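Student: Sending over a structure as structure tokens; questions will come in a sec.
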4 protein chains.
Amino acid sequence: MTMNKEELLAKHKGYNLTNGHVKLIDIMGDDSDIVDAARVSYMKGTRPVSENTELIRYLMRNKHSSPFEMCEIKFRLEVPLDLARQLQRHRTAQYSSFNEQSTRYSIVEDAMAKTEANKWRKQSKNNKQGSDGYIANEWPNFTTEDLTNFEVLTDSTSQGMRLALYKEEQEAGWTPGEYLSYREMTLQDLAKDIYKERLMFGVAREQARKELPMSQMTIFYWKCDLWNLLHFQELRMDSHAQEEIRELANIVALILEDWVPAAWQAFIDYRLNSITFSANEFEVLWTLGNAHPSLDAGCQWLFNASQEERVAFLSSYRLTSLSERYDFITKLRKHISRVKEKNVHRPSKEGLSS
Amino acid sequence: MTMNKEELLAKHKGYNLTNGHVKLIDIMGDDSDIVDAARVSYMKGTRPVSENTELIRYLMRNKHSSPFEMCEIKFRLEVPLDLARQLQRHRTAQYSSFNEQSTRYSIVEDAMAKTEANKWRKQSKNNKQGSDGYIANEWPNFTTEDLTNFEVLTDSTSQGMRLALYKEEQEAGWTPGEYLSYREMTLQDLAKDIYKERLMFGVAREQARKELPMSQMTIFYWKCDLWNLLHFQELRMDSHAQEEIRELANIVALILEDWVPAAWQAFIDYRLNSITFSANEFEVLWTLGNAHPSLDAGCQWLFNASQEERVAFLSSYRLTSLSERYDFITKLRKHISRVKEKNVHRPSKEGLSS
Amino acid sequence: MTMNKEELLAKHKGYNLTNGHVKLIDIMGDDSDIVDAARVSYMKGTRPVSENTELIRYLMRNKHSSPFEMCEIKFRLEVPLDLARQLQRHRTAQYSSFNEQSTRYSIVEDAMAKTEANKWRKQSKNNKQGSDGYIANEWPNFTTEDLTNFEVLTDSTSQGMRLALYKEEQEAGWTPGEYLSYREMTLQDLAKDIYKERLMFGVAREQARKELPMSQMTIFYWKCDLWNLLHFQELRMDSHAQEEIRELANIVALILEDWVPAAWQAFIDYRLNSITFSANEFEVLWTLGNAHPSLDAGCQWLFNASQEERVAFLSSYRLTSLSERYDFITKLRKHISRVKEKNVHRPSKEGLSS
Amino acid sequence: MTMNKEELLAKHKGYNLTNGHVKLIDIMGDDSDIVDAARVSYMKGTRPVSENTELIRYLMRNKHSSPFEMCEIKFRLEVPLDLARQLQRHRTAQYSSFNEQSTRYSIVEDAMAKTEANKWRKQSKNNKQGSDGYIANEWPNFTTEDLTNFEVLTDSTSQGMRLALYKEEQEAGWTPGEYLSYREMTLQDLAKDIYKERLMFGVAREQARKELPMSQMTIFYWKCDLWNLLHFQELRMDSHAQEEIRELANIVALILEDWVPAAWQAFIDYRLNSITFSANEFEVLWTLGNAHPSLDAGCQWLFNASQEERVAFLSSYRLTSLSERYDFITKLRKHISRVKEKNVHRPSKEGLSS
């Protein structure tokens, strides 16, 4: 580690999230401890692996997990319940320890995660579980048809009143995002009000909490070893990860870069920016590179082919399902654009404030 | 197993929870597999442990976990999010596998856990994280004082209106529980309405879900080995466990009794109904049994002693803190009453319907 | 599963290893349970993933582990201690359960793993931790020099006697392998003799065992979920895995193919036969496919380049260390030869007998 | 922690084992971090648990594991393979990380664990998997009968020669222990000789190692969280644990006492020196304390009762098996003698040298 532990803890003592906070509490070990642990395995009878960075890269490339497990890190997090849940359901959580504020034991704070009017994200069309940009500032033209499965709007009168309300808001100059943020506030206020009212009526905390929303803030310590944290980073720095958890992962990235610079660079090269081809996919790539004047030309041909051509070609290499073909082309495009833009070395970290 | 796998799965094919549902999906192994696995360790050179039940009891008594791990069970659960969270945060979860409905991927069902008017539980005075009976049918005499930390009631006018509302409900013959259940419904309706409205505005599912309450129902598969399930049972059949999870544990108990009867009985004797004394506590018990005509008389003396006497006596055996003394007396009382009522063999399972 | 559980258990009821035995004991779940578990996550609001095989391939491709964890398998193994140790040290072991014969508790069997005269493997020159073919039938020309670090041969006399012994054996027509197998037998006989003698002198089993060799046979049950078993298979079916554990993995492969055929084929395509390129390596491949008339020609140029050329070229893409370049070229060669030989679909399983 | 990290690491920088070495490498956290983590759960709405030690004792008593998991420790161990195996097979190992010297990759050191002539332990009569004192200095009177299952002594001639050898050693003034240590040396010398010979013949390290004895020394790093290390300590400080691993546990105890003094004392009181009674056993104790003038008198009556009386009495409380009765009486005796000898607070640690 180029900076010592005190400097590291001081530098990363706290980051604000859009909703929440991350604090580095403690670390154990660094790059040199990875190397020490690995060298226990490579003693007499072996060629010297003279350089530490090279050894770390070798370990990462070959997925030798145990030397990386010798480093440990501890955070204090304040995040909404749904982010906490995503983190704790993670496979990585098996090797993590958590200490979380108990809502059976304690009365929750008034804090809930709020969404600014221009931060309502649009459902992605391609990615069933993702978002894609923000919703427009124009109001959609809703009809009573759109409201038929709203449980609380049971007749055409109540549906008509809802549409009239939208009209009003629109005419008053509110954007849809402003309306949704107002509604969020209404719901959060009611949830807090009812929570406190239940406590006032003497209801047990363990039951009073049952209508707390997933946006309720919670606090916990999270301890994790480096190998499993890197697994978390691989999944959560990905552009398909939910924005809130990606924001957290990008802050953790800043800490990792200072804490274990050699392991971090090896991770970026061999895992974060790597590309994996199935046996069938590699055969396709091989063919594209041989049947066309250049690999680039081959790939462009594939991207620009008609759907019929593409299906016929890829199916002949056993990529017979739509999702298999879609996933293949998507990852190929992504890596080719990375090569062309000479952008292979670093994940983006802009927009982070200490 | 006295009943075969098909019979077991048929018998336990589904149980309703107050809010939710439990279904036994599959099992692997039974009492005889515990014994087979254990016998691998006890071959030549050992005294025969001739009887299977005796061997299972020996293993349980001595916490030999691995033979019990050889049995596996799988459930399908429909439960509120907060119960799911409690289950998945459990240490046992490290040896469990879960497959849960994704609210990033899917639109949630309309179902949320409802509380009947007579089921609002009172905060326990002794147990900081528990409940104790139900709230009374009489309305408390709230004053504006009680409402001062309600965020949404910012002035004496709004506070006065709230008190007037309570008055009205009371005069209309509503109980506090009926009022709270009505409020619960209001909040759940608003939460559903806003969730659907967000989707209608095109908001991504991953973000639309953020105000879903902890009472939102979820569905998941849960696979667990027998040893870790018994650990779960020990914690969750306890009278201090939250009612909702105890209800689940009591149903799992019914299944375990049919599936692995010998292991289940051993668990009840050696773990569920066992009592552990610290070195200091055992010394107290020893003294009580020697200084009084009977152990019963000694314990009664302790229970009936004045607070000063009790503190002085227990402190002389190094039980110097209030919580240490409280925990000791509580567990002693519980086990003595169990002995006196000849009720040592079975946990209660009444009130369960298949 | 195309065959039912009884058929599966009957078909795979026992396999002999060179030293040891594998028996399938039980399974829970199959391909259809993977799909059931996965579908819990993909309900309303999603495009139908209509076909089960396609869904399983999607899950494998995207490393969605939890549905595969819903399947469980149990084996009974008889293997040498060193293979047991390798298996139990495995990361997979974290999700496995073991029940092994205790040598504290029991007297060990007389069985030790034996090596046939023509099965002494040569130390690999390239792979520091592997072997490469068998030792030759010709005797090496040893000198006293070679024997100087032999602890028990402390002077030139004893060293000379040893060389004379080799001479004798050679002249008697023994191969080096026959000599080594004879020496193995001598050592195993002495180890057994001393073990039994210690027991006869009343020495505790826990201490008598201390000179048992790693070739001592042991017996244990092994229970594992499918996802973690596949991880084991990926590492242990590899040509770099030790022959003894590869033999075990190849038998497990036969069982997996019958048990979960769709998951198994997906594993072969997306994991076992896949190739992963780092960001830097993909850039090299891209360049080779563009700068040469075909990708094949580009790769051949790289393979046939002089060492200076190769180092210069690869270093310019940041493959600056010898081991990085070596690993890249090795995996590229392997996958290209697989494509050229149209051998992309199945791992070899010959030589296995039920 | 009363001493800071540097002092702690300096004080515990190395301990010799009878065969091997233990070195404290690093720690993360201490008593105060346990408290910090726990307090995250106990915030508003709770009675203050004002004192840190009291809180730690509360957590230990109620088995709240996660705050203890927030502390982490790392050792470097040199131990024989069989001790390494026992450690790594441990349930605790699931939460541990290991980095061990690879005997596939490296040539092993010449070191093997040696047994001094007066340290050959006698097989315990009561404890099937334990030892009990040392073997006598008198030679047993062996007959050819005793030697019949010795594989290498196939006829009465060879058996007679072996008996003659024993006679000779005895007459030469050797003790049985001296003879056994001499035989140990012979076997270890042969094992080393054959290992080196195989390497000299070019045999792969992965195969050459197969006759290394379990006494072969190995080196590894071991990282573990505090909660799981305490679980290890509970099992391995026990008088039934094998002497070699107990020696290790007793050294770890010295480190724990300095590192986390409050957690360590709580562990001793609530776990190491605690006693657990099954429901049936507690009923027996209750009866003994009531039916006799004192609890002591009741227990003495039980200990001194004839076998028939004892079986009849205990069976009437459902302690129907021999092993159940034996285990109950053994633990009761142990704890009563501890109370009588006023020896309840500390495990013995004598004989340890830094």
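Each chain of the structure tokens is named A, B, ... in the order shown, its residues numbered from 1; ligands are numbered from 1 in display order.
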Among segment 59-295 of chain B, which ones does DSSP assign to strand (DSSP E or B) (computed from the backbone)? Answer as an mmCIF file with N, CA, C and O atoms, in the first residue's frame.

Tutor:
data_model
loop_
_atom_site.group_PDB
_atom_site.id
_atom_site.type_symbol
_atom_site.label_atom_id
_atom_site.label_comp_id
_atom_site.auth_asym_id
_atom_site.auth_seq_id
_atom_site.Cartn_x
_atom_site.Cartn_y
_atom_site.Cartn_z
ATOM 1 N N GLU B 72 -31.525 -33.097 3.835
ATOM 2 C CA GLU B 72 -31.795 -31.801 3.192
ATOM 3 C C GLU B 72 -33.302 -31.649 2.984
ATOM 4 O O GLU B 72 -33.997 -32.632 2.741
ATOM 5 N N ILE B 73 -33.792 -30.418 3.052
ATOM 6 C CA ILE B 73 -35.227 -30.183 2.911
ATOM 7 C C ILE B 73 -35.454 -28.908 2.107
ATOM 8 O O ILE B 73 -34.623 -27.999 2.133
ATOM 9 N N LYS B 74 -36.566 -28.876 1.384
ATOM 10 C CA LYS B 74 -36.872 -27.709 0.549
ATOM 11 C C LYS B 74 -38.332 -27.296 0.718
ATOM 12 O O LYS B 74 -39.219 -28.127 0.657
ATOM 13 N N PHE B 75 -38.540 -26.004 0.940
ATOM 14 C CA PHE B 75 -39.873 -25.439 1.119
ATOM 15 C C PHE B 75 -40.157 -24.382 0.042
ATOM 16 O O PHE B 75 -39.229 -23.793 -0.512
ATOM 17 N N ARG B 76 -41.441 -24.113 -0.156
ATOM 18 C CA ARG B 76 -41.851 -22.933 -0.916
ATOM 19 C C ARG B 76 -42.641 -22.060 0.050
ATOM 20 O O ARG B 76 -43.586 -22.522 0.688
ATOM 21 N N LEU B 77 -42.226 -20.806 0.186
ATOM 22 C CA LEU B 77 -42.843 -19.912 1.162
ATOM 23 C C LEU B 77 -43.457 -18.694 0.481
ATOM 24 O O LEU B 77 -42.875 -18.135 -0.446
ATOM 25 N N GLU B 78 -44.634 -18.320 0.968
ATOM 26 C CA GLU B 78 -45.191 -17.002 0.656
ATOM 27 C C GLU B 78 -45.312 -16.270 1.977
ATOM 28 O O GLU B 78 -46.106 -16.678 2.833
ATOM 29 N N VAL B 79 -44.526 -15.234 2.164
ATOM 30 C CA VAL B 79 -44.508 -14.511 3.438
ATOM 31 C C VAL B 79 -44.271 -13.025 3.187
ATOM 32 O O VAL B 79 -43.825 -12.644 2.106
ATOM 33 N N PRO B 80 -44.550 -12.161 4.181
ATOM 34 C CA PRO B 80 -44.244 -10.743 4.013
ATOM 35 C C PRO B 80 -42.731 -10.522 3.919
ATOM 36 O O PRO B 80 -41.948 -11.321 4.440
ATOM 37 N N SER B 97 -30.108 -22.155 0.633
ATOM 38 C CA SER B 97 -30.200 -21.533 -0.680
ATOM 39 C C SER B 97 -31.595 -20.944 -0.807
ATOM 40 O O SER B 97 -32.566 -21.537 -0.352
ATOM 41 N N PHE B 98 -31.655 -19.777 -1.436
ATOM 42 C CA PHE B 98 -32.937 -19.107 -1.624
ATOM 43 C C PHE B 98 -33.137 -18.766 -3.099
ATOM 44 O O PHE B 98 -32.179 -18.412 -3.784
ATOM 45 N N ASN B 99 -34.351 -18.859 -3.552
ATOM 46 C CA ASN B 99 -34.727 -18.347 -4.869
ATOM 47 C C ASN B 99 -35.969 -17.525 -4.690
ATOM 48 O O ASN B 99 -37.043 -18.074 -4.470
ATOM 49 N N GLU B 100 -35.812 -16.219 -4.771
ATOM 50 C CA GLU B 100 -36.935 -15.352 -4.450
ATOM 51 C C GLU B 100 -37.401 -14.588 -5.672
ATOM 52 O O GLU B 100 -36.608 -14.214 -6.536
ATOM 53 N N MET B 112 -50.577 -7.813 0.442
ATOM 54 C CA MET B 112 -49.789 -7.326 1.586
ATOM 55 C C MET B 112 -50.366 -7.956 2.858
ATOM 56 O O MET B 112 -51.553 -8.294 2.906
ATOM 57 N N ARG B 121 -50.411 -6.105 18.735
ATOM 58 C CA ARG B 121 -49.710 -6.569 19.930
ATOM 59 C C ARG B 121 -49.103 -5.405 20.706
ATOM 60 O O ARG B 121 -48.600 -4.446 20.114
ATOM 61 N N LYS B 122 -49.085 -5.557 22.019
ATOM 62 C CA LYS B 122 -48.561 -4.520 22.905
ATOM 63 C C LYS B 122 -47.043 -4.662 23.039
ATOM 64 O O LYS B 122 -46.534 -5.783 23.138
ATOM 65 N N GLN B 123 -46.336 -3.531 23.064
ATOM 66 C CA GLN B 123 -44.891 -3.553 23.319
ATOM 67 C C GLN B 123 -44.643 -4.154 24.699
ATOM 68 O O GLN B 123 -45.270 -3.755 25.681
ATOM 69 N N SER B 131 -43.170 -8.486 22.194
ATOM 70 C CA SER B 131 -44.515 -7.999 22.455
ATOM 71 C C SER B 131 -45.095 -8.814 23.601
ATOM 72 O O SER B 131 -44.548 -9.834 24.001
ATOM 73 N N ASP B 132 -46.235 -8.358 24.106
ATOM 74 C CA ASP B 132 -46.795 -8.973 25.307
ATOM 75 C C ASP B 132 -48.301 -8.740 25.293
ATOM 76 O O ASP B 132 -48.777 -7.678 25.686
ATOM 77 N N GLY B 133 -49.045 -9.722 24.787
ATOM 78 C CA GLY B 133 -50.491 -9.591 24.717
ATOM 79 C C GLY B 133 -50.920 -8.592 23.645
ATOM 80 O O GLY B 133 -50.121 -8.212 22.778
ATOM 81 N N TYR B 134 -52.183 -8.167 23.718
ATOM 82 C CA TYR B 134 -52.729 -7.268 22.707
ATOM 83 C C TYR B 134 -53.084 -5.926 23.328
ATOM 84 O O TYR B 134 -53.247 -5.828 24.540
ATOM 85 N N VAL B 203 -42.099 4.420 -14.943
ATOM 86 C CA VAL B 203 -40.961 4.314 -14.026
ATOM 87 C C VAL B 203 -40.484 2.860 -13.969
ATOM 88 O O VAL B 203 -41.292 1.928 -14.015
ATOM 89 N N PRO B 213 -44.230 -1.493 1.186
ATOM 90 C CA PRO B 213 -44.022 -1.677 2.632
ATOM 91 C C PRO B 213 -43.444 -3.051 2.934
ATOM 92 O O PRO B 213 -43.511 -3.964 2.107
ATOM 93 N N GLN B 216 -45.427 -6.206 2.236
ATOM 94 C CA GLN B 216 -45.610 -6.746 0.881
ATOM 95 C C GLN B 216 -45.278 -8.236 0.867
ATOM 96 O O GLN B 216 -44.243 -8.651 1.373
ATOM 97 N N MET B 217 -46.153 -9.030 0.276
ATOM 98 C CA MET B 217 -45.898 -10.467 0.220
ATOM 99 C C MET B 217 -44.842 -10.789 -0.847
ATOM 100 O O MET B 217 -44.801 -10.168 -1.907
ATOM 101 N N THR B 218 -44.007 -11.783 -0.550
ATOM 102 C CA THR B 218 -43.019 -12.261 -1.519
ATOM 103 C C THR B 218 -43.072 -13.788 -1.534
ATOM 104 O O THR B 218 -43.665 -14.400 -0.641
ATOM 105 N N ILE B 219 -42.470 -14.369 -2.524
ATOM 106 C CA ILE B 219 -42.494 -15.823 -2.689
ATOM 107 C C ILE B 219 -41.070 -16.311 -2.873
ATOM 108 O O ILE B 219 -40.302 -15.701 -3.617
ATOM 109 N N PHE B 220 -40.698 -17.389 -2.181
ATOM 110 C CA PHE B 220 -39.368 -17.949 -2.464
ATOM 111 C C PHE B 220 -39.264 -19.411 -2.075
ATOM 112 O O PHE B 220 -40.052 -19.920 -1.286
ATOM 113 N N TYR B 221 -38.297 -20.065 -2.723
ATOM 114 C CA TYR B 221 -37.894 -21.406 -2.340
ATOM 115 C C TYR B 221 -36.799 -21.284 -1.287
ATOM 116 O O TYR B 221 -35.939 -20.401 -1.375
ATOM 117 N N TRP B 222 -36.820 -22.216 -0.344
ATOM 118 C CA TRP B 222 -35.810 -22.232 0.710
ATOM 119 C C TRP B 222 -35.338 -23.667 0.884
ATOM 120 O O TRP B 222 -36.129 -24.539 1.198
ATOM 121 N N LYS B 223 -34.056 -23.889 0.659
ATOM 122 C CA LYS B 223 -33.473 -25.210 0.838
ATOM 123 C C LYS B 223 -32.452 -25.144 1.969
ATOM 124 O O LYS B 223 -31.669 -24.200 2.037
ATOM 125 N N CYS B 224 -32.440 -26.116 2.846
ATOM 126 C CA CYS B 224 -31.644 -26.034 4.063
ATOM 127 C C CYS B 224 -31.307 -27.449 4.521
ATOM 128 O O CYS B 224 -32.091 -28.375 4.323
ATOM 129 N N ASP B 225 -30.128 -27.642 5.132
ATOM 130 C CA ASP B 225 -29.864 -28.964 5.688
ATOM 131 C C ASP B 225 -30.468 -29.068 7.092
ATOM 132 O O ASP B 225 -30.794 -28.068 7.737
ATOM 133 N N ILE B 275 -31.242 -26.557 29.468
ATOM 134 C CA ILE B 275 -30.902 -25.342 30.216
ATOM 135 C C ILE B 275 -29.391 -25.302 30.406
ATOM 136 O O ILE B 275 -28.768 -26.315 30.710
ATOM 137 N N THR B 276 -28.810 -24.133 30.188
ATOM 138 C CA THR B 276 -27.360 -23.974 30.323
ATOM 139 C C THR B 276 -27.058 -23.018 31.465
ATOM 140 O O THR B 276 -27.645 -21.937 31.543
ATOM 141 N N PHE B 277 -26.171 -23.446 32.365
ATOM 142 C CA PHE B 277 -25.714 -22.576 33.437
ATOM 143 C C PHE B 277 -24.268 -22.180 33.209
ATOM 144 O O PHE B 277 -23.434 -23.034 32.874
#

Student: Within 10 Å of Ala38 of chain A, counting only C-alpha atoms, which residues show up once you throw out same-chain ones fewer than 2 positions away? Write them as a CSV table (one decimal) with N, CA and C atoms, in the first residue's frame, please.

Tutor:
chain,number,residue,atom,x,y,z
A,32,SER,N,0.9,-6.5,0.0
A,32,SER,CA,2.0,-7.3,0.4
A,32,SER,C,1.6,-8.5,1.2
A,33,ASP,N,0.5,-8.5,1.8
A,33,ASP,CA,0.0,-9.7,2.6
A,33,ASP,C,-0.6,-10.7,1.6
A,34,ILE,N,-1.1,-10.3,0.5
A,34,ILE,CA,-1.5,-11.2,-0.6
A,34,ILE,C,-0.3,-12.0,-1.0
A,35,VAL,N,0.7,-11.3,-1.3
A,35,VAL,CA,2.0,-11.9,-1.7
A,35,VAL,C,2.6,-12.9,-0.7
A,36,ASP,N,2.6,-12.4,0.6
A,36,ASP,CA,3.1,-13.3,1.6
A,36,ASP,C,2.4,-14.6,1.7
A,40,VAL,N,3.7,-18.7,0.7
A,40,VAL,CA,3.8,-19.9,1.5
A,40,VAL,C,3.6,-21.2,0.6
A,41,SER,N,2.8,-21.0,-0.5
A,41,SER,CA,2.6,-22.2,-1.4
A,41,SER,C,3.7,-22.4,-2.3
A,42,TYR,N,4.6,-21.4,-2.5
A,42,TYR,CA,5.6,-21.6,-3.6
A,42,TYR,C,7.0,-21.5,-3.0
A,43,MET,N,7.4,-22.6,-2.5
A,43,MET,CA,8.7,-22.5,-1.8
A,43,MET,C,9.8,-23.2,-2.7
A,55,LEU,N,3.1,-11.6,-9.5
A,55,LEU,CA,2.5,-12.7,-8.8
A,55,LEU,C,1.0,-12.4,-8.5
A,56,ILE,N,0.7,-11.2,-8.1
A,56,ILE,CA,-0.7,-10.8,-7.9
A,56,ILE,C,-1.6,-11.0,-9.1
A,59,LEU,N,-2.1,-14.7,-9.7
A,59,LEU,CA,-3.2,-15.2,-8.8
A,59,LEU,C,-4.6,-14.8,-9.3
A,64,HIS,N,-6.9,-17.8,-8.0
A,64,HIS,CA,-6.5,-18.4,-6.8
A,64,HIS,C,-7.0,-17.5,-5.7
A,65,SER,N,-8.1,-17.8,-5.1
A,65,SER,CA,-8.8,-16.9,-4.2
A,65,SER,C,-8.2,-16.7,-2.8
A,66,SER,N,-7.6,-17.8,-2.3
A,66,SER,CA,-7.2,-17.7,-0.9
A,66,SER,C,-6.2,-16.6,-0.5
A,67,PRO,N,-5.2,-16.3,-1.3
A,67,PRO,CA,-4.4,-15.2,-0.9
A,67,PRO,C,-5.1,-13.8,-0.7
A,68,PHE,N,-6.1,-13.6,-1.6
A,68,PHE,CA,-6.9,-12.4,-1.6
A,68,PHE,C,-7.8,-12.4,-0.3
A,70,MET,N,-7.0,-13.1,2.5
A,70,MET,CA,-6.2,-12.7,3.7
A,70,MET,C,-6.3,-11.3,4.0
D,99,ASN,N,-4.0,-20.4,3.7
D,99,ASN,CA,-3.1,-20.4,2.6
D,99,ASN,C,-2.0,-21.4,3.0
D,100,GLU,N,-1.9,-22.5,2.4
D,100,GLU,CA,-1.0,-23.6,2.8
D,100,GLU,C,0.0,-23.9,1.7
D,101,GLN,N,1.2,-24.2,2.2
D,101,GLN,CA,2.3,-24.7,1.4
D,101,GLN,C,1.8,-25.8,0.5
D,102,SER,N,2.0,-25.7,-0.8
D,102,SER,CA,1.5,-26.8,-1.7
D,102,SER,C,2.6,-27.8,-2.0
D,220,PHE,N,1.1,-22.9,7.1
D,220,PHE,CA,0.0,-22.2,6.5
D,220,PHE,C,-0.4,-20.9,7.3
D,221,TYR,N,-1.0,-20.0,6.6
D,221,TYR,CA,-1.7,-18.9,7.2
D,221,TYR,C,-3.1,-19.3,7.5

Student: Restrict the calculation to only C-alpha atoms, then for each residue of chain C with any atom at most 7 Å from an atom of chain D give the closest atom pair and their distance in Å to one decimal, rows by chain and rising residue number, as CSV.

Tutor:
residue,atom,partner,partner_atom,distance
C:Gln94,CA,D:Gln94,CA,5.5
C:Arg104,CA,D:Gln129,CA,5.0
C:Tyr105,CA,D:Gln129,CA,4.3
C:Trp120,CA,D:Val203,CA,6.3
C:Arg121,CA,D:Val203,CA,5.5
C:Lys122,CA,D:Val203,CA,4.6
C:Gln123,CA,D:Ala204,CA,3.6
C:Ser124,CA,D:Ala204,CA,6.9
C:Lys128,CA,D:Tyr105,CA,5.8
C:Gln129,CA,D:Tyr105,CA,4.3
C:Gly130,CA,D:Glu206,CA,6.8
C:Ser131,CA,D:Ala204,CA,5.4
C:Ile135,CA,D:Gly202,CA,6.8
C:Phe150,CA,D:Asp193,CA,6.3
C:Val152,CA,D:Asp189,CA,6.5
C:Leu187,CA,D:Ala191,CA,6.9
C:Asp189,CA,D:Val152,CA,6.5
C:Leu190,CA,D:Leu187,CA,6.9
C:Ala191,CA,D:Leu187,CA,6.9
C:Asp193,CA,D:Phe150,CA,6.3
C:Lys196,CA,D:Phe150,CA,6.8
C:Gly202,CA,D:Lys122,CA,5.5
C:Val203,CA,D:Lys122,CA,4.6
C:Ala204,CA,D:Gln123,CA,3.6
C:Arg205,CA,D:Gln123,CA,6.5
C:Glu206,CA,D:Gly130,CA,6.8
C:Lys210,CA,D:Met214,CA,5.2
C:Glu211,CA,D:Pro213,CA,4.6
C:Leu212,CA,D:Pro213,CA,5.2
C:Pro213,CA,D:Pro213,CA,4.0
C:Met214,CA,D:Lys210,CA,5.2
C:Ser215,CA,D:Lys210,CA,5.3

Student: Write the selection just made, keeping C-alpha atoms, as a JSON list (two decimals), in the first residue's frame?

Tutor:
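What landed in out-v5.json:
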[["chain", "number", "residue", "atom", "x", "y", "z"],
["C", 94, "GLN", "CA", -17.79, -24.62, 2.14],
["C", 104, "ARG", "CA", -8.94, -41.17, 16.26],
["C", 105, "TYR", "CA", -11.96, -43.33, 16.86],
["C", 120, "TRP", "CA", 5.08, -43.29, -12.16],
["C", 121, "ARG", "CA", 4.48, -39.87, -13.65],
["C", 122, "LYS", "CA", 7.23, -37.48, -14.74],
["C", 123, "GLN", "CA", 7.48, -33.99, -13.25],
["C", 124, "SER", "CA", 6.25, -31.50, -15.85],
["C", 128, "LYS", "CA", 5.30, -26.39, -11.89],
["C", 129, "GLN", "CA", 2.53, -28.28, -10.16],
["C", 130, "GLY", "CA", 1.80, -30.97, -12.71],
["C", 131, "SER", "CA", 3.08, -34.13, -14.35],
["C", 135, "ILE", "CA", 9.18, -41.85, -16.37],
["C", 150, "PHE", "CA", 19.74, -37.59, 1.13],
["C", 152, "VAL", "CA", 20.15, -41.04, 5.52],
["C", 187, "LEU", "CA", 7.43, -48.32, 2.91],
["C", 189, "ASP", "CA", 4.51, -52.52, 4.72],
["C", 190, "LEU", "CA", 6.68, -50.81, 7.31],
["C", 191, "ALA", "CA", 4.03, -48.15, 7.95],
["C", 193, "ASP", "CA", 3.68, -52.86, 10.67],
["C", 196, "LYS", "CA", -0.15, -52.22, 14.32],
["C", 202, "GLY", "CA", -1.31, -49.84, 23.81],
["C", 203, "VAL", "CA", -0.58, -46.52, 22.10],
["C", 204, "ALA", "CA", -3.71, -44.39, 21.55],
["C", 205, "ARG", "CA", -5.17, -44.56, 18.06],
["C", 206, "GLU", "CA", -4.97, -40.75, 17.79],
["C", 210, "LYS", "CA", 0.72, -40.18, 12.96],
["C", 211, "GLU", "CA", 2.96, -42.02, 10.48],
["C", 212, "LEU", "CA", 0.16, -43.26, 8.27],
["C", 213, "PRO", "CA", 1.07, -42.19, 4.75],
["C", 214, "MET", "CA", -1.05, -39.89, 2.59],
["C", 215, "SER", "CA", -1.78, -42.99, 0.49]]

Student: Apply DSSP to the backbone of this structure and, from segment 103-303 of chain D, keep only the residues in alpha helix (DSSP H); write these as a PyMOL selection string.

Tutor: chain D and resi 156-171+176-200+205-208+226-236+243-259+261-267+279-291+295-303

Student: Can you measure atom CA of Met60 of chain B to atom CA of Ala241 of chain B for me? One decimal in Å is fine.

Tutor: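 One can read the atom CA of Met60 of chain B to atom CA of Ala241 of chain B distance as 22.9 Å.
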
Student: So how far away is atom CA of Ala117 of chain D from atom CA of Gly173 of chain D, in Å?

Tutor: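 Those two atoms sit 13.2 Å apart.
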
Student: Tell me which protein, DNA and RNA residues are within 9 Å of segment 321-335 of chain B, counting only C-alpha atoms, leaving out same-chain ones fewer than 6 positions away, and put them as a PyMOL selection string.

Tutor: (chain B and resi 273-277+281+299+302-303+310-311+314-315+344) or (chain D and resi 54+57-58+61+279+282-283)

Student: With distances taken over only C-alpha atoms, which of C:Leu272, C:Tyr166, C:Met3, C:Thr175 is nearest to Ser239 of chain C?

Tutor: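 Among the listed residues, the smallest separation from Ser239 of chain C belongs to C:Leu272.
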